[in-house]
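Below: the structure, in structure tokens.
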Amino acid sequence: MTTTAVPPTSTQLCGVFADVNAAVAAAREAFLAFSDCSLAQRRTFINAVREAASQQERLEYMATAAVEETGMGNAHHKVLKNLYAATRTPGVEDLVMEARQGDDGLTTLEYSPYGVIGAITPTTNPTETIICNTVGMLSAGNTVVFSPHPRARRLSAWLVDVLNRAMIEAGAPENLITLIAEPTPATTTALINHPDITMLVATGGPQIVNMVLSSGKKAIGAGSGNPPAVVDETADVAKAASDIVQGASFDNNLPCTAEKEVIVVAEVLPQLMTAMRVNGAQVVSDPEELAKLRSLLLDPSGVRPNTAWVGQDAQKILRAAGIKPNQGTRLVTMVTDPSDPFVQVEMLMPVVPVVPVTDYLTAIDLAVELEHGNRHTAIMHSKDVSRLDLMARRIQTTIFVKNGPSFAGIGINGEGFATFTIAGPTGEGLTSPRSFARRRRCVLDAR
Ligand code: NAD
């Protein structure tokens, strides 16, 4: 995909501030104005966001510009991710009031906003998260100050400008979303500690999740995962292989939900490897080639990813390691053991190992271990419903995909709404507007 040039609409970007205090003050003022808007107006503003973000020209621009600015990912897949964020993130309809009526009167449980949310967004889904959070957080009546990843700040500023302009054109107050133009650790700390920020939402790795959870404020932490995909001997192995290759190569394995390691019952290992090859996985088995791959992709510690190779294309990785890529290769794989760093650690690369085990119970136990208690995502391919049920109960992840590619779990070619903020650590799960709202009990005394 070639870059589609969609320049900023103006040099003065709407909602983009150099100073944290100014960004928060503008969003706070916008919150007061937004609180006077009707639900119908809120719906109109959200629709404006959806329309602005889902125009084809903009989708292509966001996808190519994200690859350019972050240096990671696959533009074709990013088009799809942004489209789903814009069109399938739930809106105002997610806030369903509960009512109880009796002899003593009527009690309603209503959703009410937190106020101004500080939302910290990742480099792996920079625009998807801003679109998804804007729809979800504004639907619940909040306004938002975004702190983007420094490696996605220009595109994030462009997007905040575009979304603000679309909402203003639809009659919204200015600055319903604002953004810190030059994010640094100091601006993030200032945002987290700002007295007018009443809720924090961090979508990213463990450091930022821990920072917001230690803030003493209401915080949602959407952290990292290490999703295992289990294949047992009852599975439709050809379909499992196709699903795994599609899911694990999606956006060069950047999604936190993407298959990060495969655990297979040894009896069907040969069939699985053959079917993975057919679907575009290149199996590296030569010890010298494996050594080259490891020295390229791991940092000097030998256990952590070399960040230069995160989110890179599979063929580019192979070439850099001196291995000739096959035509159509989109995933690299190797058969290995559970102690391998590629199995243990979230690599975010289209290099996904396969670990054979003796039986399905061992596979499930290993999957639980490798998920490291993130409570994020797991996948199982099996025709035995009781085994699917057993793994779901044992692993206790927020997303559990049965016989499908991992992206079905976030609503891409799967039933259910889309989200790009999956809160395992704090338990909200797949966030939607109600995750960003407080519950208020309103009591009418009938006596
Ligand atoms: P990251 O943790 O490096 O950055 C995320 C955000 O936090 C960025 O805005 C960054 O600037 C900020 N940040 C991180 N450490 C900071 C610090 N010490 N001080 C101030 N700000 C800090 O993560 P990333 O590389 O952008 O994204 C990838 C990670 O996020 C992966 O671990 C992935 O699994 C996770 N992720 C989770 C979800 C989810 O919904 N659960 C979604 C996307 C990404």
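For the structure tokens, the naming scheme is as follows: chains receive sequential letters (A, B, ...) according to their order of presentation, residues are indexed from 1 within each chain, and ligands are indexed from 1 in presentation order.
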* To do: Fewer than 6 positions away in the same chain doesn't count, so skip those; otherwise give me all residues within 10 Å of Gln327 (chain A), counting only C-alpha atoms, as a PyMOL selection string.
  => chain A and resi 280+282+315
May I have the selected residues written with C-alpha atoms, as a PDB file, in the first residue's frame?
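Done, and the output landed in out-v5.pdb:
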ATOM      1  CA  GLY A 280       2.390 -19.204   4.657  1.00  0.00           C
ATOM      2  CA  GLN A 282       8.141 -20.812   7.112  1.00  0.00           C
ATOM      3  CA  GLN A 315      10.260 -11.957   5.084  1.00  0.00           C
TER       4      GLN A 315
END
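The environment of Asp236 (chain A) within 8 Å, counting only C-alpha atoms and disregarding residues fewer than 2 places along the same chain, consists of Thr234, Ala238, Lys239, Ala240, His381, Ser382 and Lys383 of chain A.
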* To do: For ligand 1, list the contacting residues at 9 Å or closer, counting only C-alpha atoms and all ligand atoms, as a ChimeraX atom specification.
  => /A:119-126,129,146-153,183-189,202-209,211,221-226,254-257,346-348,376,419-425,429-431
Given the selection you just returned, output its residues as a file containing C-alpha atoms, formatted as a PDB file, in the first residue's frame.
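What follows is the written file result_27.pdb:
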ATOM      1  CA  ALA A 119      -5.898   8.027  28.482  1.00  0.00           C
ATOM      2  CA  ILE A 120      -2.417   6.737  27.690  1.00  0.00           C
ATOM      3  CA  THR A 121      -2.204   5.013  24.325  1.00  0.00           C
ATOM      4  CA  PRO A 122       0.223   2.481  22.821  1.00  0.00           C
ATOM      5  CA  THR A 123       2.439   2.469  19.779  1.00  0.00           C
ATOM      6  CA  THR A 124       1.076  -0.865  18.550  1.00  0.00           C
ATOM      7  CA  ASN A 125      -2.496   0.418  17.923  1.00  0.00           C
ATOM      8  CA  PRO A 126      -2.009   4.185  18.034  1.00  0.00           C
ATOM      9  CA  THR A 129      -6.987   3.110  20.528  1.00  0.00           C
ATOM     10  CA  PHE A 146      -4.747  11.617  25.415  1.00  0.00           C
ATOM     11  CA  SER A 147      -1.094  10.954  26.041  1.00  0.00           C
ATOM     12  CA  PRO A 148       0.126   9.140  22.929  1.00  0.00           C
ATOM     13  CA  HIS A 149       3.257   7.059  22.586  1.00  0.00           C
ATOM     14  CA  PRO A 150       6.127   9.389  21.554  1.00  0.00           C
ATOM     15  CA  ARG A 151       6.656   7.231  18.455  1.00  0.00           C
ATOM     16  CA  ALA A 152       3.090   7.895  17.297  1.00  0.00           C
ATOM     17  CA  ARG A 153       2.621  11.464  18.453  1.00  0.00           C
ATOM     18  CA  PRO A 183       4.670  13.239  25.552  1.00  0.00           C
ATOM     19  CA  THR A 184       7.553  12.478  27.929  1.00  0.00           C
ATOM     20  CA  PRO A 185       7.760  10.576  31.234  1.00  0.00           C
ATOM     21  CA  ALA A 186       7.407  13.976  32.962  1.00  0.00           C
ATOM     22  CA  THR A 187       4.197  14.907  31.105  1.00  0.00           C
ATOM     23  CA  THR A 188       2.735  11.453  31.816  1.00  0.00           C
ATOM     24  CA  THR A 189       3.469  11.863  35.523  1.00  0.00           C
ATOM     25  CA  ALA A 202      -3.537   2.934  30.395  1.00  0.00           C
ATOM     26  CA  THR A 203      -3.328   0.744  27.307  1.00  0.00           C
ATOM     27  CA  GLY A 204       0.220  -0.550  27.140  1.00  0.00           C
ATOM     28  CA  GLY A 205       2.889  -2.581  28.860  1.00  0.00           C
ATOM     29  CA  PRO A 206       3.375  -3.362  32.569  1.00  0.00           C
ATOM     30  CA  GLN A 207       5.241  -0.146  33.456  1.00  0.00           C
ATOM     31  CA  ILE A 208       2.484   2.241  32.496  1.00  0.00           C
ATOM     32  CA  VAL A 209      -0.225  -0.054  33.866  1.00  0.00           C
ATOM     33  CA  MET A 211       1.972   3.670  37.137  1.00  0.00           C
ATOM     34  CA  GLY A 221      -5.114  -1.083  33.221  1.00  0.00           C
ATOM     35  CA  ALA A 222      -5.082  -2.768  29.818  1.00  0.00           C
ATOM     36  CA  GLY A 223      -1.769  -4.586  29.885  1.00  0.00           C
ATOM     37  CA  SER A 224       0.314  -7.040  27.950  1.00  0.00           C
ATOM     38  CA  GLY A 225      -0.461 -10.651  27.157  1.00  0.00           C
ATOM     39  CA  ASN A 226       1.275 -13.777  25.897  1.00  0.00           C
ATOM     40  CA  LEU A 254       1.576  -6.508  17.136  1.00  0.00           C
ATOM     41  CA  PRO A 255      -1.878  -7.060  18.677  1.00  0.00           C
ATOM     42  CA  CYS A 256      -1.673  -7.993  22.350  1.00  0.00           C
ATOM     43  CA  THR A 257      -4.303 -10.621  21.494  1.00  0.00           C
ATOM     44  CA  GLU A 346       5.747 -11.457  24.564  1.00  0.00           C
ATOM     45  CA  MET A 347       7.849 -10.768  21.438  1.00  0.00           C
ATOM     46  CA  LEU A 348       5.305  -8.941  19.232  1.00  0.00           C
ATOM     47  CA  HIS A 376      -5.583 -11.612  28.636  1.00  0.00           C
ATOM     48  CA  THR A 419     -12.395  -2.873  21.478  1.00  0.00           C
ATOM     49  CA  PHE A 420      -8.714  -1.988  21.590  1.00  0.00           C
ATOM     50  CA  THR A 421      -8.493  -1.574  25.361  1.00  0.00           C
ATOM     51  CA  ILE A 422      -8.712  -4.983  27.008  1.00  0.00           C
ATOM     52  CA  ALA A 423      -8.447  -4.632  30.735  1.00  0.00           C
ATOM     53  CA  GLY A 424      -7.201  -7.919  32.192  1.00  0.00           C
ATOM     54  CA  PRO A 425      -5.380  -6.634  35.307  1.00  0.00           C
ATOM     55  CA  GLY A 429     -12.351  -6.996  30.339  1.00  0.00           C
ATOM     56  CA  LEU A 430     -13.262  -5.774  26.873  1.00  0.00           C
ATOM     57  CA  THR A 431     -13.960  -2.142  27.656  1.00  0.00           C
TER      58      THR A 431
END
* With distances taken over only C-alpha atoms, which of A:Ala85, A:Leu290, A:Ala48, A:Val283 is nearest to Phe417 (chain A)? -> A:Ala85
* **Distance query Asn413 (chain A) at most 10 Å, only C-alpha atoms, self and fewer than 6 positions along chain excluded, as a ChimeraX atom specification** => /A:84,404-407
Could you dump the residues just selected with all heavy atoms as a tab-separated table (two decimals), in the first residue's frame?
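Below you can see part_13.tsv, which holds the result:
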chain	number	residue	atom	x	y	z
A	84	TYR	N	-12.76	-1.24	12.13
A	84	TYR	CA	-13.52	-1.89	13.20
A	84	TYR	C	-13.62	-0.98	14.42
A	84	TYR	O	-14.66	-0.90	15.07
A	84	TYR	CB	-12.89	-3.24	13.58
A	84	TYR	CG	-13.45	-4.37	12.76
A	84	TYR	CD1	-13.00	-4.59	11.46
A	84	TYR	CD2	-14.46	-5.19	13.24
A	84	TYR	CE1	-13.53	-5.61	10.68
A	84	TYR	CE2	-14.99	-6.21	12.47
A	84	TYR	CZ	-14.52	-6.42	11.19
A	84	TYR	OH	-15.06	-7.42	10.43
A	404	GLY	N	-10.84	-20.61	16.26
A	404	GLY	CA	-10.83	-19.44	15.38
A	404	GLY	C	-9.51	-18.71	15.50
A	404	GLY	O	-8.68	-19.04	16.35
A	405	PRO	N	-9.30	-17.69	14.64
A	405	PRO	CA	-8.09	-16.87	14.78
A	405	PRO	C	-8.26	-15.90	15.95
A	405	PRO	O	-9.38	-15.49	16.28
A	405	PRO	CB	-8.03	-16.11	13.44
A	405	PRO	CG	-9.45	-16.08	12.94
A	405	PRO	CD	-10.16	-17.28	13.51
A	406	SER	N	-7.14	-15.48	16.55
A	406	SER	CA	-7.21	-14.65	17.75
A	406	SER	C	-8.01	-13.37	17.52
A	406	SER	O	-8.75	-12.93	18.41
A	406	SER	CB	-5.79	-14.27	18.18
A	406	SER	OG	-5.07	-13.72	17.09
A	407	PHE	N	-7.93	-12.78	16.30
A	407	PHE	CA	-8.60	-11.49	16.13
A	407	PHE	C	-10.13	-11.58	16.19
A	407	PHE	O	-10.80	-10.56	16.34
A	407	PHE	CB	-8.11	-10.75	14.87
A	407	PHE	CG	-8.07	-11.57	13.59
A	407	PHE	CD1	-9.23	-11.98	12.98
A	407	PHE	CD2	-6.85	-11.90	13.02
A	407	PHE	CE1	-9.19	-12.71	11.81
A	407	PHE	CE2	-6.79	-12.64	11.84
A	407	PHE	CZ	-7.96	-13.05	11.22
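All residues within region 245-396 of chain A that the backbone DSSP calculation assigns to strand (DSSP E or B) are Glu261, Val262, Ile263, Val264, Val265, Ala281, Gln282, Val283, Leu298, Pro305, Leu331, Val332, Thr333, Val335, Val351, Val354, Val355, Pro356, Val357, Thr377, Ala378, Ile379, Met380 and His381 of chain A.
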Please identify every residue of region 47-157 of chain A that has at least one atom no farther than 12 Å from an atom of region 212-219 of chain A, counting only C-alpha atoms, and for each give the shortest atom pair and the distance in Å to one decimal, arranged by chain then increasing number, as a Markdown table.
| residue | atom | partner | partner_atom | distance |
| --- | --- | --- | --- | --- |
| A:Tyr114 | CA | A:Lys218 | CA | 9.1 |
| A:Gly115 | CA | A:Lys218 | CA | 11.4 |
| A:Val116 | CA | A:Lys218 | CA | 11.7 |
| A:Ile117 | CA | A:Ala219 | CA | 9.5 |
| A:Gly118 | CA | A:Ala219 | CA | 9.4 |
| A:Ala119 | CA | A:Ala219 | CA | 9.8 |
| A:Ile120 | CA | A:Val212 | CA | 9.4 |
* To do: Quick one: everything within 7 Å of Gln312 (chain A), counting only C-alpha atoms, minus sequence neighbours fewer than 2 positions away in the same chain. Send it as a list in words.
  => Met72, Gly73, Asn252, Trp309, Val310, Ala314, Ile317 and Met349 of chain A
Output of the above residues as a PDB file, in the first residue's frame, restricted to N, CA, C and O atoms:
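Okay, result-v9.pdb is ready:
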ATOM      1  N   MET A  72       6.466   0.113  12.453  1.00  0.00           N
ATOM      2  CA  MET A  72       6.028  -1.263  12.744  1.00  0.00           C
ATOM      3  C   MET A  72       4.681  -1.541  12.079  1.00  0.00           C
ATOM      4  O   MET A  72       3.904  -0.627  11.821  1.00  0.00           O
ATOM      5  N   GLY A  73       4.416  -2.831  11.881  1.00  0.00           N
ATOM      6  CA  GLY A  73       3.077  -3.259  11.503  1.00  0.00           C
ATOM      7  C   GLY A  73       2.848  -3.395  10.014  1.00  0.00           C
ATOM      8  O   GLY A  73       3.737  -3.188   9.191  1.00  0.00           O
ATOM      9  N   ASN A 252       1.618  -8.038  11.717  1.00  0.00           N
ATOM     10  CA  ASN A 252       2.967  -8.504  12.117  1.00  0.00           C
ATOM     11  C   ASN A 252       3.046  -8.866  13.594  1.00  0.00           C
ATOM     12  O   ASN A 252       4.051  -8.609  14.264  1.00  0.00           O
ATOM     13  N   TRP A 309      13.210  -5.109  15.993  1.00  0.00           N
ATOM     14  CA  TRP A 309      12.537  -6.085  15.144  1.00  0.00           C
ATOM     15  C   TRP A 309      11.086  -6.332  15.531  1.00  0.00           C
ATOM     16  O   TRP A 309      10.389  -7.145  14.911  1.00  0.00           O
ATOM     17  N   VAL A 310      10.598  -5.598  16.520  1.00  0.00           N
ATOM     18  CA  VAL A 310       9.184  -5.730  16.916  1.00  0.00           C
ATOM     19  C   VAL A 310       8.295  -5.249  15.768  1.00  0.00           C
ATOM     20  O   VAL A 310       8.560  -4.206  15.160  1.00  0.00           O
ATOM     21  N   ALA A 314       7.699 -10.650   8.248  1.00  0.00           N
ATOM     22  CA  ALA A 314       8.358 -11.954   8.397  1.00  0.00           C
ATOM     23  C   ALA A 314       9.486 -12.154   7.370  1.00  0.00           C
ATOM     24  O   ALA A 314      10.569 -12.651   7.709  1.00  0.00           O
ATOM     25  N   ILE A 317      12.526 -10.122   8.252  1.00  0.00           N
ATOM     26  CA  ILE A 317      13.248 -10.738   9.370  1.00  0.00           C
ATOM     27  C   ILE A 317      14.129 -11.874   8.856  1.00  0.00           C
ATOM     28  O   ILE A 317      15.321 -11.972   9.186  1.00  0.00           O
ATOM     29  N   MET A 349       6.330 -10.172  17.405  1.00  0.00           N
ATOM     30  CA  MET A 349       6.957 -10.359  16.087  1.00  0.00           C
ATOM     31  C   MET A 349       6.257 -11.539  15.396  1.00  0.00           C
ATOM     32  O   MET A 349       5.788 -12.450  16.085  1.00  0.00           O
TER      33      MET A 349
END
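Between CA of Glu69 (chain A) and CA of Lys324 (chain A) the separation is 27.8 Å.
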* Would you mind listing what lies within 9 Å of region 134-137 of chain A as a ChimeraX atom specification, with only C-alpha atoms counted and same-chain residues fewer than 3 positions away left out? => /A:46-47,49-50,85-86,89-92,113,117,129-131,140-144,163,176-177,431-437
Could you dump the residues just selected with N, CA and C atoms as a PDB file, in the first residue's frame?
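Result went into selection.pdb, see below:
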ATOM      1  N   ILE A  46     -20.859  11.291  18.438  1.00  0.00           N
ATOM      2  CA  ILE A  46     -20.196   9.978  18.274  1.00  0.00           C
ATOM      3  C   ILE A  46     -20.290   9.529  16.813  1.00  0.00           C
ATOM      4  N   ASN A  47     -21.455   9.758  16.218  1.00  0.00           N
ATOM      5  CA  ASN A  47     -21.596   9.393  14.800  1.00  0.00           C
ATOM      6  C   ASN A  47     -20.619  10.175  13.939  1.00  0.00           C
ATOM      7  N   VAL A  49     -17.693  11.168  14.841  1.00  0.00           N
ATOM      8  CA  VAL A  49     -16.382  10.520  15.035  1.00  0.00           C
ATOM      9  C   VAL A  49     -16.294   9.279  14.144  1.00  0.00           C
ATOM     10  N   ARG A  50     -17.334   8.467  14.187  1.00  0.00           N
ATOM     11  CA  ARG A  50     -17.320   7.224  13.387  1.00  0.00           C
ATOM     12  C   ARG A  50     -17.153   7.539  11.906  1.00  0.00           C
ATOM     13  N   ALA A  85     -12.528  -0.279  14.737  1.00  0.00           N
ATOM     14  CA  ALA A  85     -12.572   0.642  15.892  1.00  0.00           C
ATOM     15  C   ALA A  85     -13.641   1.707  15.658  1.00  0.00           C
ATOM     16  N   ALA A  86     -13.711   2.223  14.432  1.00  0.00           N
ATOM     17  CA  ALA A  86     -14.649   3.318  14.148  1.00  0.00           C
ATOM     18  C   ALA A  86     -16.095   2.840  14.082  1.00  0.00           C
ATOM     19  N   THR A  89     -17.078  -0.170  17.750  1.00  0.00           N
ATOM     20  CA  THR A  89     -16.971   0.141  19.184  1.00  0.00           C
ATOM     21  C   THR A  89     -18.352   0.582  19.645  1.00  0.00           C
ATOM     22  N   PRO A  90     -18.868   0.020  20.749  1.00  0.00           N
ATOM     23  CA  PRO A  90     -20.223   0.405  21.171  1.00  0.00           C
ATOM     24  C   PRO A  90     -20.319   1.876  21.545  1.00  0.00           C
ATOM     25  N   GLY A  91     -21.509   2.438  21.379  1.00  0.00           N
ATOM     26  CA  GLY A  91     -21.745   3.845  21.703  1.00  0.00           C
ATOM     27  C   GLY A  91     -22.702   3.998  22.865  1.00  0.00           C
ATOM     28  N   VAL A  92     -23.492   5.059  22.816  1.00  0.00           N
ATOM     29  CA  VAL A  92     -24.392   5.415  23.921  1.00  0.00           C
ATOM     30  C   VAL A  92     -25.336   4.257  24.296  1.00  0.00           C
ATOM     31  N   PRO A 113     -20.827  10.005  34.173  1.00  0.00           N
ATOM     32  CA  PRO A 113     -19.405  10.090  33.778  1.00  0.00           C
ATOM     33  C   PRO A 113     -18.471  10.286  34.965  1.00  0.00           C
ATOM     34  N   ILE A 117     -10.951  12.110  31.657  1.00  0.00           N
ATOM     35  CA  ILE A 117     -10.137  10.880  31.706  1.00  0.00           C
ATOM     36  C   ILE A 117      -8.761  11.156  31.094  1.00  0.00           C
ATOM     37  N   THR A 129      -6.677   2.890  19.115  1.00  0.00           N
ATOM     38  CA  THR A 129      -6.987   3.110  20.528  1.00  0.00           C
ATOM     39  C   THR A 129      -7.623   4.488  20.726  1.00  0.00           C
ATOM     40  N   ILE A 130      -7.111   5.492  20.008  1.00  0.00           N
ATOM     41  CA  ILE A 130      -7.703   6.840  20.149  1.00  0.00           C
ATOM     42  C   ILE A 130      -9.151   6.831  19.648  1.00  0.00           C
ATOM     43  N   ILE A 131      -9.401   6.170  18.537  1.00  0.00           N
ATOM     44  CA  ILE A 131     -10.778   6.119  18.007  1.00  0.00           C
ATOM     45  C   ILE A 131     -11.680   5.365  18.989  1.00  0.00           C
ATOM     46  N   ALA A 140     -19.913   7.710  27.314  1.00  0.00           N
ATOM     47  CA  ALA A 140     -20.255   7.687  28.743  1.00  0.00           C
ATOM     48  C   ALA A 140     -20.278   9.098  29.339  1.00  0.00           C
ATOM     49  N   GLY A 141     -20.087  10.126  28.528  1.00  0.00           N
ATOM     50  CA  GLY A 141     -20.232  11.505  29.002  1.00  0.00           C
ATOM     51  C   GLY A 141     -18.960  12.156  29.506  1.00  0.00           C
ATOM     52  N   ASN A 142     -17.826  11.483  29.337  1.00  0.00           N
ATOM     53  CA  ASN A 142     -16.547  12.054  29.783  1.00  0.00           C
ATOM     54  C   ASN A 142     -15.914  12.866  28.668  1.00  0.00           C
ATOM     55  N   THR A 143     -14.900  13.643  29.017  1.00  0.00           N
ATOM     56  CA  THR A 143     -13.986  14.161  28.006  1.00  0.00           C
ATOM     57  C   THR A 143     -12.621  13.517  28.282  1.00  0.00           C
ATOM     58  N   VAL A 144     -11.689  13.659  27.343  1.00  0.00           N
ATOM     59  CA  VAL A 144     -10.451  12.876  27.428  1.00  0.00           C
ATOM     60  C   VAL A 144      -9.215  13.715  27.108  1.00  0.00           C
ATOM     61  N   LEU A 163     -10.866  14.439  14.528  1.00  0.00           N
ATOM     62  CA  LEU A 163     -12.067  14.027  15.263  1.00  0.00           C
ATOM     63  C   LEU A 163     -12.732  15.230  15.938  1.00  0.00           C
ATOM     64  N   LEU A 176     -13.464  18.295  23.234  1.00  0.00           N
ATOM     65  CA  LEU A 176     -13.992  17.103  23.923  1.00  0.00           C
ATOM     66  C   LEU A 176     -12.871  16.079  24.074  1.00  0.00           C
ATOM     67  N   ILE A 177     -11.945  16.085  23.119  1.00  0.00           N
ATOM     68  CA  ILE A 177     -10.714  15.301  23.301  1.00  0.00           C
ATOM     69  C   ILE A 177      -9.527  16.249  23.113  1.00  0.00           C
ATOM     70  N   THR A 431     -13.313  -3.376  27.201  1.00  0.00           N
ATOM     71  CA  THR A 431     -13.960  -2.142  27.656  1.00  0.00           C
ATOM     72  C   THR A 431     -14.958  -1.628  26.618  1.00  0.00           C
ATOM     73  N   SER A 432     -15.993  -0.970  27.145  1.00  0.00           N
ATOM     74  CA  SER A 432     -17.037  -0.340  26.336  1.00  0.00           C
ATOM     75  C   SER A 432     -17.507   0.855  27.169  1.00  0.00           C
ATOM     76  N   PRO A 433     -18.425   1.690  26.667  1.00  0.00           N
ATOM     77  CA  PRO A 433     -18.778   2.897  27.418  1.00  0.00           C
ATOM     78  C   PRO A 433     -19.066   2.662  28.905  1.00  0.00           C
ATOM     79  N   ARG A 434     -19.735   1.572  29.231  1.00  0.00           N
ATOM     80  CA  ARG A 434     -20.084   1.384  30.650  1.00  0.00           C
ATOM     81  C   ARG A 434     -18.844   1.194  31.538  1.00  0.00           C
ATOM     82  N   SER A 435     -17.716   0.796  30.931  1.00  0.00           N
ATOM     83  CA  SER A 435     -16.476   0.666  31.710  1.00  0.00           C
ATOM     84  C   SER A 435     -15.977   2.039  32.151  1.00  0.00           C
ATOM     85  N   PHE A 436     -16.413   3.083  31.460  1.00  0.00           N
ATOM     86  CA  PHE A 436     -15.920   4.436  31.743  1.00  0.00           C
ATOM     87  C   PHE A 436     -16.989   5.278  32.452  1.00  0.00           C
ATOM     88  N   ALA A 437     -17.930   4.595  33.098  1.00  0.00           N
ATOM     89  CA  ALA A 437     -19.019   5.310  33.767  1.00  0.00           C
ATOM     90  C   ALA A 437     -19.176   4.820  35.206  1.00  0.00           C
TER      91      ALA A 437
END
Would you please extract all alpha helix (DSSP H) residues from region 98-259 of chain A, as assigned by DSSP on the backbone, and give them as a CSV table (one decimal) with C-alpha atoms, in the first residue's frame?
chain,number,residue,atom,x,y,z
A,126,PRO,CA,-2.0,4.2,18.0
A,127,THR,CA,-5.0,5.4,16.1
A,128,GLU,CA,-7.2,2.4,16.8
A,129,THR,CA,-7.0,3.1,20.5
A,130,ILE,CA,-7.7,6.8,20.1
A,131,ILE,CA,-10.8,6.1,18.0
A,132,CYS,CA,-12.0,3.3,20.3
A,133,ASN,CA,-11.4,5.3,23.5
A,134,THR,CA,-13.0,8.5,22.0
A,135,VAL,CA,-16.2,6.6,21.1
A,136,GLY,CA,-16.3,4.7,24.4
A,137,MET,CA,-15.3,7.5,26.8
A,138,LEU,CA,-17.4,10.2,25.2
A,139,SER,CA,-20.4,7.9,25.0
A,153,ARG,CA,2.6,11.5,18.5
A,154,ARG,CA,2.4,13.2,15.0
A,155,LEU,CA,-0.3,10.9,13.7
A,156,SER,CA,-2.1,11.0,17.0
A,157,ALA,CA,-2.2,14.8,16.9
A,158,TRP,CA,-3.5,14.7,13.4
A,159,LEU,CA,-6.3,12.3,14.4
A,160,VAL,CA,-7.3,14.3,17.5
A,161,ASP,CA,-7.6,17.4,15.3
A,162,VAL,CA,-9.7,15.5,12.7
A,163,LEU,CA,-12.1,14.0,15.3
A,164,ASN,CA,-12.5,17.3,17.1
A,165,ARG,CA,-13.3,19.2,13.9
A,166,ALA,CA,-15.8,16.6,12.9
A,167,MET,CA,-17.5,16.9,16.3
A,168,ILE,CA,-17.5,20.7,16.2
A,169,GLU,CA,-19.1,20.6,12.8
A,185,PRO,CA,7.8,10.6,31.2
A,186,ALA,CA,7.4,14.0,33.0
A,187,THR,CA,4.2,14.9,31.1
A,188,THR,CA,2.7,11.5,31.8
A,189,THR,CA,3.5,11.9,35.5
A,190,ALA,CA,1.9,15.4,35.5
A,191,LEU,CA,-1.2,14.0,33.7
A,192,ILE,CA,-1.5,11.1,36.2
A,193,ASN,CA,-1.2,13.5,39.2
A,206,PRO,CA,3.4,-3.4,32.6
A,207,GLN,CA,5.2,-0.1,33.5
A,208,ILE,CA,2.5,2.2,32.5
A,209,VAL,CA,-0.2,-0.1,33.9
A,210,ASN,CA,1.6,-0.1,37.2
A,211,MET,CA,2.0,3.7,37.1
A,212,VAL,CA,-1.8,4.3,36.8
A,213,LEU,CA,-2.7,1.6,39.3
A,237,VAL,CA,-5.8,-29.4,12.1
A,238,ALA,CA,-6.0,-27.8,8.7
A,239,LYS,CA,-8.3,-25.1,10.0
A,240,ALA,CA,-6.3,-24.6,13.2
A,241,ALA,CA,-3.2,-24.1,11.1
A,242,SER,CA,-4.9,-21.6,8.8
A,243,ASP,CA,-6.4,-19.7,11.8
A,244,ILE,CA,-3.1,-19.6,13.7
A,245,VAL,CA,-1.1,-18.3,10.7
A,246,GLN,CA,-3.7,-15.6,10.0
A,247,GLY,CA,-4.0,-14.6,13.7
A,248,ALA,CA,-0.3,-14.7,14.5
A,249,SER,CA,0.7,-12.8,11.3
* Show which residues sit within 12 Å of region 356-363 of chain A, as a PyMOL selection string. Count only C-alpha atoms, and ignore same-chain residues fewer than 6 positions away. => chain A and resi 228-235+261-270+272-273+334-338+343+369-370+379-382+384+386-388+390-391+394-395
